[in-house]
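The structure appears below as structure tokens.
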Amino acid sequence: MSDNSSDIDPIKLMVVDDERDILRIIKRDLEADENPFKVDVFHSSELALQEFDNHPKDYYDLILTDIRMPKMNGFELYRRIKEKNPAMKIAFITAFEINRDEFNKVLPSIDVKDFIIKPISMSDLIVKLKLIVKKP
Amino acid sequence: MFSKGNIGLLVFTAIIAIILSVLSYQYSSLTANKIAGIASDDVRSNARIEAYHLSQILIQSIEAITNNLKALTNSLPVLNSENQTVQFLLNNAQDSTNNLTNAYYLLNSSGTVISSSNSGMELWPQAGLDLSKTEYFLAPRNTKLPYYSTVKQSDEGATIYVSYPIFDNRSDKLENTVQNNTTETFRGVIVSAIDVEKVGNFLQGKLSPELISNVGLMDKNGIFLYARNESLIGQNFLSDDFQSTIPSEIKDSYNDILKRSLGSESGSEDISFNDKTSTISYQPVAIDAKQLWTLYIGSPHTLTSDVGLLIDQQKNFSTIVVMAIGAIAIGISFVILSWNKSLKASVRNRTLELKSANDSLTESNRLLAAANEQLKVHDKMQKEFINVAAHELRTPIMPILGDAQYIERQFNSEDPRIQIERDQISSLIRNAKRLDRLASDILDVTRIESKSLRLNKEKFNLKDMICSILTDVKKYDSEVTKFPEIKYTPKDVIVEADKGRLSQVLTNLLSNAVKFTEKGTITIDTSESDKEVIVSVRDTGTGIDPEVYQKLFSKFITKSDRGTGLGLFISKSIIESHGGRIWAKNNLDGFGATFYFSLPGSSHSEA
């Protein structure tokens, strides 16, 4: 995997989810040969924040986080990271039955640009993530 | 019963009715008294007029007698003792006053009857009879004045004698022409016998027939010359015989009237006894300018009492009418007030009914609002549940799908090698099981809510079940790095329960304890008494959030980030359908909580 990184700069992605099986398949599929992703996975927000601090603020191109997680949920993580780097792109991935409008209604302070509903096939997920990263 | 105002109105009506009755009675009485007064006045004046009238007639009649007597005393035949002529004259005199007198007779100077108008009639004094001892002979002879006797009872009946003396002046004039005052010669007495009965009949006959009265005649000594009651004739009014006839109540006033009547004044006085009034009119009777007698007329006010009776009847009738009207007014007032009262009462009842209806409406509105609120809460919970359920359902699908698609892609690639890792299979199984558990939970809730949860009870040792569950839990959560220590001291406890369901409860309690206890100890304990078996699961975790404490065993209640909030609800239903209880409390030391459940003891069938 690291072999390819020299060719093109891979998209550096942080994935946070308490479901280890999901982390496993996302990392596996997104880092598959043809895909331009470098994926770091964390099964808790705390671990993710620790790792975030270990890098420059704009090290990650995108952070993809679950919402419902023990202890620190996705919203809290979002807030913390935005504190550190307001420009950081953060997308939510959730199994909740929720749409964008409802989301903004419940949490108007969080300007949710992107969220992805589980379950999503890996191919669809890759397309969506590429799109989000490319957006200005 | 009635309000003050209404009672006041009733009393007012009653008072008005009573006042009207009294006024009516008074007015009627006044009128009656006036009419009675007028009638009495009438009776009184009539009596007086009558008395006067009657006395005049009597005087005239008596004067006729005295004129006869006077004429006879001066007549020549008498003076000359021409007996034949005298007899004739006496008969003429008797004829002229036959209505009152019984006889006239002439006595000579020695008191012997010379002649009588009734000669030949046995009863009357015949010529030759010596009447020299009689008062009517002696008195005129001695006084030289006319004599009026009082009444005398004789064989002829009650009689009054009037006698005139006969004096002869002629011889003196002839014999003593010089002396004018020579003594007159007493020649005898002319007597007339007045029949009292005739006088009475005469007077009674002269009385106006419309005046129902009694006539009486008294001489100036108070002796009855005539009275209706014959036995009184000749009696003094002060005699016991008369006095005993007067009611004692009016004796004095009656006697006073009689005494007054003996005076020279005429009068008219009322005397009342037993509501009956009589007017006694008296009139002095003077003869020869000399008051001899008193005529009196007693007129009972029968007309007045008749009128009075009628007026009394009228008075009573009109009073009764007014009273009846008053009573009717009171009755009507009463009825109206009662009606009004019942109307008021029914209005009040209706108002109360309306109020209570309104109250119950308000109450039902409140209940409805509460129900609505509950529904909203329920709705919210339902929504949350759907969210949580969606989350829990979808979450396992993604890894299953991801792995399955990964494997499928290998089949599609040209590379004939297919790599399947152990991890992938485990993940598939684990997530499928998760879905299975979730499906079971949802089905259980459905069963509980439709009350179709069935138990297959059997006897088993709780120790074996707990040990088995502990093994499973540890195996299942082996991936959890920090796993709390679970303490259990195995103890034989036989229970009769549905093995699968009870295992479900224990697993739920244990996994909850594990979920909330990152580090520390979970202690499982069983205790047994005659009545029940109590199982407790004590952890040293975060404890029960006060927010959910009250509704801990309700549906969709969870503070976890995993799970649907159905576990405790299902557990409670299972334990309760076994006849046991389930409860929980935070530990007193402030660390963690303990969940308990009890099952009815099976000691009776332990052997």
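Ordering of the structure tokens sets the chain letters (A, B, ...), residue numbers begin anew at 1 in every chain, and ligands are numbered from 1 in the order given.
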
Exercise for review: Give the residues of chain B that lie within 9 Å of chain A; count only C-alpha atoms, and format the answer as a ChimeraX atom specification.
Suggested key: /B:386-403,405-406,424,427,431,560-562

Near-range 283-292 of chain B list (7 Å; only C-alpha atoms; drop same-chain fewer than 5 positions) as a PDB file with N, CA and C atoms, in the first residue's frame:
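Full text of out34.pdb as output:
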```
ATOM      1  N   ALA B  51    -145.780  56.196  74.418  1.00  0.00           N
ATOM      2  CA  ALA B  51    -146.116  56.376  75.833  1.00  0.00           C
ATOM      3  C   ALA B  51    -146.903  57.679  76.023  1.00  0.00           C
ATOM      4  N   TYR B  52    -146.390  58.704  75.332  1.00  0.00           N
ATOM      5  CA  TYR B  52    -147.073  59.996  75.436  1.00  0.00           C
ATOM      6  C   TYR B  52    -148.489  59.895  74.892  1.00  0.00           C
ATOM      7  N   SER B  55    -150.683  57.900  77.045  1.00  0.00           N
ATOM      8  CA  SER B  55    -151.039  58.604  78.288  1.00  0.00           C
ATOM      9  C   SER B  55    -152.143  59.637  78.011  1.00  0.00           C
ATOM     10  N   ILE B  59    -155.582  59.708  79.750  1.00  0.00           N
ATOM     11  CA  ILE B  59    -156.057  60.899  80.468  1.00  0.00           C
ATOM     12  C   ILE B  59    -157.451  61.296  79.987  1.00  0.00           C
ATOM     13  N   GLU B  63    -160.515  61.321  82.186  1.00  0.00           N
ATOM     14  CA  GLU B  63    -161.216  62.605  82.319  1.00  0.00           C
ATOM     15  C   GLU B  63    -162.702  62.436  82.023  1.00  0.00           C
ATOM     16  N   ASP B 219    -149.230  53.571  90.317  1.00  0.00           N
ATOM     17  CA  ASP B 219    -149.601  54.814  90.979  1.00  0.00           C
ATOM     18  C   ASP B 219    -148.367  55.444  91.580  1.00  0.00           C
ATOM     19  N   LYS B 220    -148.532  56.606  92.161  1.00  0.00           N
ATOM     20  CA  LYS B 220    -147.337  57.344  92.571  1.00  0.00           C
ATOM     21  C   LYS B 220    -146.629  56.695  93.757  1.00  0.00           C
ATOM     22  N   SER B 264    -142.087  63.474  88.071  1.00  0.00           N
ATOM     23  CA  SER B 264    -143.030  64.202  87.227  1.00  0.00           C
ATOM     24  C   SER B 264    -142.575  64.252  85.773  1.00  0.00           C
ATOM     25  N   GLU B 265    -141.359  63.787  85.520  1.00  0.00           N
ATOM     26  CA  GLU B 265    -140.820  63.871  84.155  1.00  0.00           C
ATOM     27  C   GLU B 265    -141.147  62.614  83.376  1.00  0.00           C
ATOM     28  N   SER B 266    -141.367  62.829  82.104  1.00  0.00           N
ATOM     29  CA  SER B 266    -141.463  61.649  81.245  1.00  0.00           C
ATOM     30  C   SER B 266    -140.034  61.241  80.860  1.00  0.00           C
ATOM     31  N   GLY B 267    -139.876  60.040  80.437  1.00  0.00           N
ATOM     32  CA  GLY B 267    -138.517  59.605  80.085  1.00  0.00           C
ATOM     33  C   GLY B 267    -138.537  58.328  79.271  1.00  0.00           C
TER      34      GLY B 267
END
```

Review point. Which residue gives the smallest distance to Phe92 in chain A among A:Lys128, A:Lys134, A:Lys38, A:Lys12, with only C-alpha atoms counted?
Key: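 Checking each of A:Lys128, A:Lys134, A:Lys38, A:Lys12 against Phe92 in chain A, counting only C-alpha atoms, the winner is A:Lys128.
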
Review point. So which residues touch range 76-88 of chain A within 9 Å, counting only C-alpha atoms, skipping near sequence neighbours fewer than 5 positions away, as a PyMOL selection string?
Key: chain A and resi 45-46+48-49+52-53+57-58+60-63+65+67+110

Those residues with C-alpha atoms, as an mmCIF file, in the first residue's frame please?
```cif
data_model
loop_
_atom_site.group_PDB
_atom_site.id
_atom_site.type_symbol
_atom_site.label_atom_id
_atom_site.label_comp_id
_atom_site.auth_asym_id
_atom_site.auth_seq_id
_atom_site.Cartn_x
_atom_site.Cartn_y
_atom_site.Cartn_z
ATOM 1 C CA SER A 45 -13.434 9.438 19.405
ATOM 2 C CA GLU A 46 -10.792 9.757 22.103
ATOM 3 C CA ALA A 48 -9.110 9.610 17.028
ATOM 4 C CA LEU A 49 -8.503 12.957 18.728
ATOM 5 C CA PHE A 52 -5.302 14.001 15.154
ATOM 6 C CA ASP A 53 -3.063 15.889 17.541
ATOM 7 C CA LYS A 57 -3.845 20.301 11.617
ATOM 8 C CA ASP A 58 -4.424 19.769 7.947
ATOM 9 C CA TYR A 60 -6.167 14.624 7.051
ATOM 10 C CA ASP A 61 -8.110 15.516 3.951
ATOM 11 C CA LEU A 62 -11.343 14.191 5.387
ATOM 12 C CA ILE A 63 -12.662 12.792 8.591
ATOM 13 C CA THR A 65 -17.178 9.636 11.717
ATOM 14 C CA ILE A 67 -22.538 9.528 15.296
ATOM 15 C CA ILE A 110 -23.361 22.042 13.205
#
```

Check your understanding: Within 10 Å of Thr594 in chain B, counting only C-alpha atoms, which residues qualify if same-chain residues fewer than 6 places away don't, as number ranges by chain?
Key -> B: 509, 513, 522-524, 536-541, 543-544, 583-588

Restricting the output to C-alpha atoms, write the selected residues as an mmCIF file, in the first residue's frame.
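Once written, out.cif looks like this:
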```cif
data_model
loop_
_atom_site.group_PDB
_atom_site.id
_atom_site.type_symbol
_atom_site.label_atom_id
_atom_site.label_comp_id
_atom_site.auth_asym_id
_atom_site.auth_seq_id
_atom_site.Cartn_x
_atom_site.Cartn_y
_atom_site.Cartn_z
ATOM 1 C CA LEU B 509 -28.706 -8.258 33.302
ATOM 2 C CA ALA B 513 -23.626 -4.834 33.939
ATOM 3 C CA ILE B 522 -19.623 -7.844 38.788
ATOM 4 C CA THR B 523 -20.972 -10.081 41.518
ATOM 5 C CA ILE B 524 -23.686 -12.629 40.972
ATOM 6 C CA SER B 536 -28.802 -10.385 42.247
ATOM 7 C CA VAL B 537 -26.323 -8.938 39.789
ATOM 8 C CA ARG B 538 -24.208 -6.261 41.358
ATOM 9 C CA ASP B 539 -21.827 -4.111 39.394
ATOM 10 C CA THR B 540 -19.430 -1.310 40.218
ATOM 11 C CA GLY B 541 -20.250 0.686 37.104
ATOM 12 C CA GLY B 543 -24.980 3.345 38.386
ATOM 13 C CA ILE B 544 -28.465 4.021 37.181
ATOM 14 C CA TRP B 583 -36.095 -4.397 40.741
ATOM 15 C CA ALA B 584 -32.905 -2.399 40.896
ATOM 16 C CA LYS B 585 -31.156 0.099 43.107
ATOM 17 C CA ASN B 586 -27.969 2.034 43.092
ATOM 18 C CA ASN B 587 -25.429 0.713 45.529
ATOM 19 C CA LEU B 588 -25.210 2.547 48.817
#
```

Practice item. Would you mind listing what lies within 9 Å of Leu129 in chain A as a PyMOL selection string, with only C-alpha atoms counted and same-chain residues fewer than 4 positions away left out? Key: chain A and resi 62+64+91+124-125+133-134

Review point. So how far away is CA of Asn35 in chain A from CA of Val16 in chain A, in Å?
Key: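 Answer for the CA of Val16 in chain A to CA of Asn35 in chain A separation: 19.4 Å.
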
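Scanning chain A with DSSP on the backbone, the strand (DSSP E or B) assignments fall on Ile11, Lys12, Leu13, Met14, Val15, Val16, Phe37, Lys38, Val39, Asp40, Val41, Phe42, Leu62, Ile63, Leu64, Thr65, Ile90, Ala91, Phe92, Ile93, Thr94, Phe115, Ile116 and Ile117 of chain A.
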
Please run DSSP on the backbone and report, as a compact mmCIF listing (two decimals) with C-alpha atoms, in the first residue's frame, all residues within range 39-238 of chain B that come out as helix (DSSP H, G or I).
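Final output, saved to states_31.txt:
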```
# COMPACT_ATOMS: atom_id res chain seq x y z
CA ALA B 39 -133.04 50.90 65.05
CA SER B 40 -132.75 51.40 68.79
CA ASP B 41 -133.23 55.14 68.43
CA ASP B 42 -136.28 54.36 66.42
CA VAL B 43 -137.58 51.97 69.04
CA ARG B 44 -136.78 54.45 71.77
CA SER B 45 -138.48 57.44 70.15
CA ASN B 46 -141.39 55.29 69.10
CA ALA B 47 -141.78 54.05 72.62
CA ARG B 48 -141.66 57.56 73.97
CA ILE B 49 -144.14 58.84 71.43
CA GLU B 50 -146.29 55.86 72.11
CA ALA B 51 -146.12 56.38 75.83
CA TYR B 52 -147.07 60.00 75.44
CA HIS B 53 -149.81 59.16 73.01
CA LEU B 54 -151.12 56.41 75.20
CA SER B 55 -151.04 58.60 78.29
CA GLN B 56 -153.08 61.24 76.47
CA ILE B 57 -155.67 58.65 75.54
CA LEU B 58 -155.70 57.40 79.09
CA ILE B 59 -156.06 60.90 80.47
CA GLN B 60 -158.90 61.62 78.10
CA SER B 61 -160.61 58.42 79.08
CA ILE B 62 -160.08 59.01 82.77
CA GLU B 63 -161.22 62.61 82.32
CA ALA B 64 -164.38 61.28 80.75
CA ILE B 65 -164.94 59.39 83.97
CA THR B 66 -164.06 62.32 86.21
CA ASN B 67 -166.20 64.60 84.10
CA ASN B 68 -169.05 62.18 84.61
CA LEU B 69 -168.39 62.17 88.31
CA LYS B 70 -168.08 65.95 88.42
CA ALA B 71 -171.28 66.37 86.48
CA LEU B 72 -173.05 63.94 88.74
CA THR B 73 -171.95 65.65 91.92
CA ASN B 74 -173.40 68.94 90.64
CA LEU B 76 -179.82 68.43 90.72
CA PRO B 77 -181.30 64.97 90.72
CA VAL B 78 -178.39 63.85 92.85
CA LEU B 79 -178.69 66.78 95.14
CA ASN B 83 -183.55 58.36 92.85
CA GLN B 84 -185.18 57.39 89.62
CA THR B 85 -183.30 60.04 87.70
CA VAL B 86 -180.07 59.35 89.50
CA GLN B 87 -180.35 55.70 88.55
CA PHE B 88 -180.79 56.83 84.97
CA LEU B 89 -177.86 59.22 85.14
CA LEU B 90 -175.63 56.59 86.69
CA ASN B 91 -176.60 54.16 83.96
CA ASN B 92 -175.81 56.80 81.34
CA ALA B 93 -172.45 57.51 82.90
CA GLN B 94 -171.67 53.81 83.01
CA ASP B 95 -172.70 53.44 79.41
CA SER B 96 -170.47 56.33 78.35
CA GLU B 135 -161.61 54.49 101.82
CA TYR B 136 -163.40 55.80 98.77
CA PHE B 137 -166.20 57.00 101.03
CA LEU B 138 -164.17 58.29 103.95
CA ALA B 139 -161.41 60.04 102.00
CA PRO B 140 -163.57 62.39 99.89
CA ARG B 141 -165.87 63.07 102.80
CA ASN B 142 -162.96 64.11 105.00
CA THR B 143 -160.82 65.88 102.42
CA ARG B 170 -177.89 75.57 97.49
CA SER B 171 -179.52 75.47 100.89
CA ASP B 172 -176.74 77.55 102.35
CA LYS B 173 -177.26 80.19 99.67
CA LEU B 174 -180.86 80.10 100.20
CA GLU B 175 -180.75 79.92 103.92
CA VAL B 196 -158.21 47.37 85.80
CA GLU B 197 -158.56 44.58 83.28
CA LYS B 198 -160.55 46.86 81.07
CA VAL B 199 -157.96 49.60 81.44
CA GLY B 200 -155.28 47.13 80.51
CA ASN B 201 -157.15 45.87 77.48
CA PHE B 202 -157.96 49.43 76.54
CA LEU B 203 -154.36 50.53 76.72
CA GLN B 204 -153.06 47.41 75.02
CA GLY B 205 -155.67 47.93 72.34
CA LYS B 206 -154.64 51.52 71.78
CA GLU B 230 -151.95 39.92 86.69
CA SER B 231 -150.39 38.60 89.84
CA LEU B 232 -148.39 41.78 90.06
```

Check your understanding: Which residues, written as a list of chain:residue names, have at least one atom at most 9 Å from Ser28 in chain B, with only C-alpha atoms counted and residues fewer than 4 positions away on the same chain left out?
Key ->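 What passes the distance filter is B:Leu23, B:Ser24, B:Ala32, B:Asn33, B:Ile311, B:Asp312, B:Gln314, B:Lys315, B:Asn316, B:Ser318, B:Thr319.
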
Take the residues from that selection and put them in a file with C-alpha atoms, as a short mmCIF file (atom, residue, chain, number, x, y, z; two decimals), in the first residue's frame.
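Output file part-v2.cif follows:
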```cif
data_model
loop_
_atom_site.label_atom_id
_atom_site.label_comp_id
_atom_site.auth_asym_id
_atom_site.auth_seq_id
_atom_site.Cartn_x
_atom_site.Cartn_y
_atom_site.Cartn_z
CA LEU B 23 -110.85 45.64 59.20
CA SER B 24 -113.73 43.94 57.45
CA ALA B 32 -124.04 46.87 62.42
CA ASN B 33 -123.73 49.02 65.51
CA ILE B 311 -125.97 42.08 60.42
CA ASP B 312 -124.05 39.62 62.54
CA GLN B 314 -123.54 39.43 57.21
CA LYS B 315 -120.57 40.49 59.30
CA ASN B 316 -119.49 36.93 59.92
CA SER B 318 -118.07 38.92 54.94
CA THR B 319 -115.34 38.28 57.50
#
```

Check your understanding: If you count only C-alpha atoms, which residues fall within 7 Å of Val151 in chain B, apart from same-chain ones fewer than 2 positions away, as a ChimeraX atom specification?
Key -> /B:149,153,158-160,225,234

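Taking CA of Asp40 in chain A and CA of Val15 in chain A as the two end points, the separation is 6.1 Å.
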
Check your understanding: How far is it from CA of Ser261 in chain B to CA of Pro300 in chain B, in Å with one decimal?
Key ->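 Between CA of Ser261 in chain B and CA of Pro300 in chain B the gap works out to 17.7 Å.
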
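Nearest-residue note for Asp66 in chain A: choosing from A:Leu30, A:Lys135, A:Ile93, A:Pro10, the minimum distance belongs to A:Ile93, counting only C-alpha atoms.
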
Point to revise | Selected residue, from B:Ile194, B:Ile16, B:Ile429, B:Val548, that lies nearest to Ser154 in chain B when counting only C-alpha atoms | key: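 Closest residue, counting only C-alpha atoms: B:Ile194.
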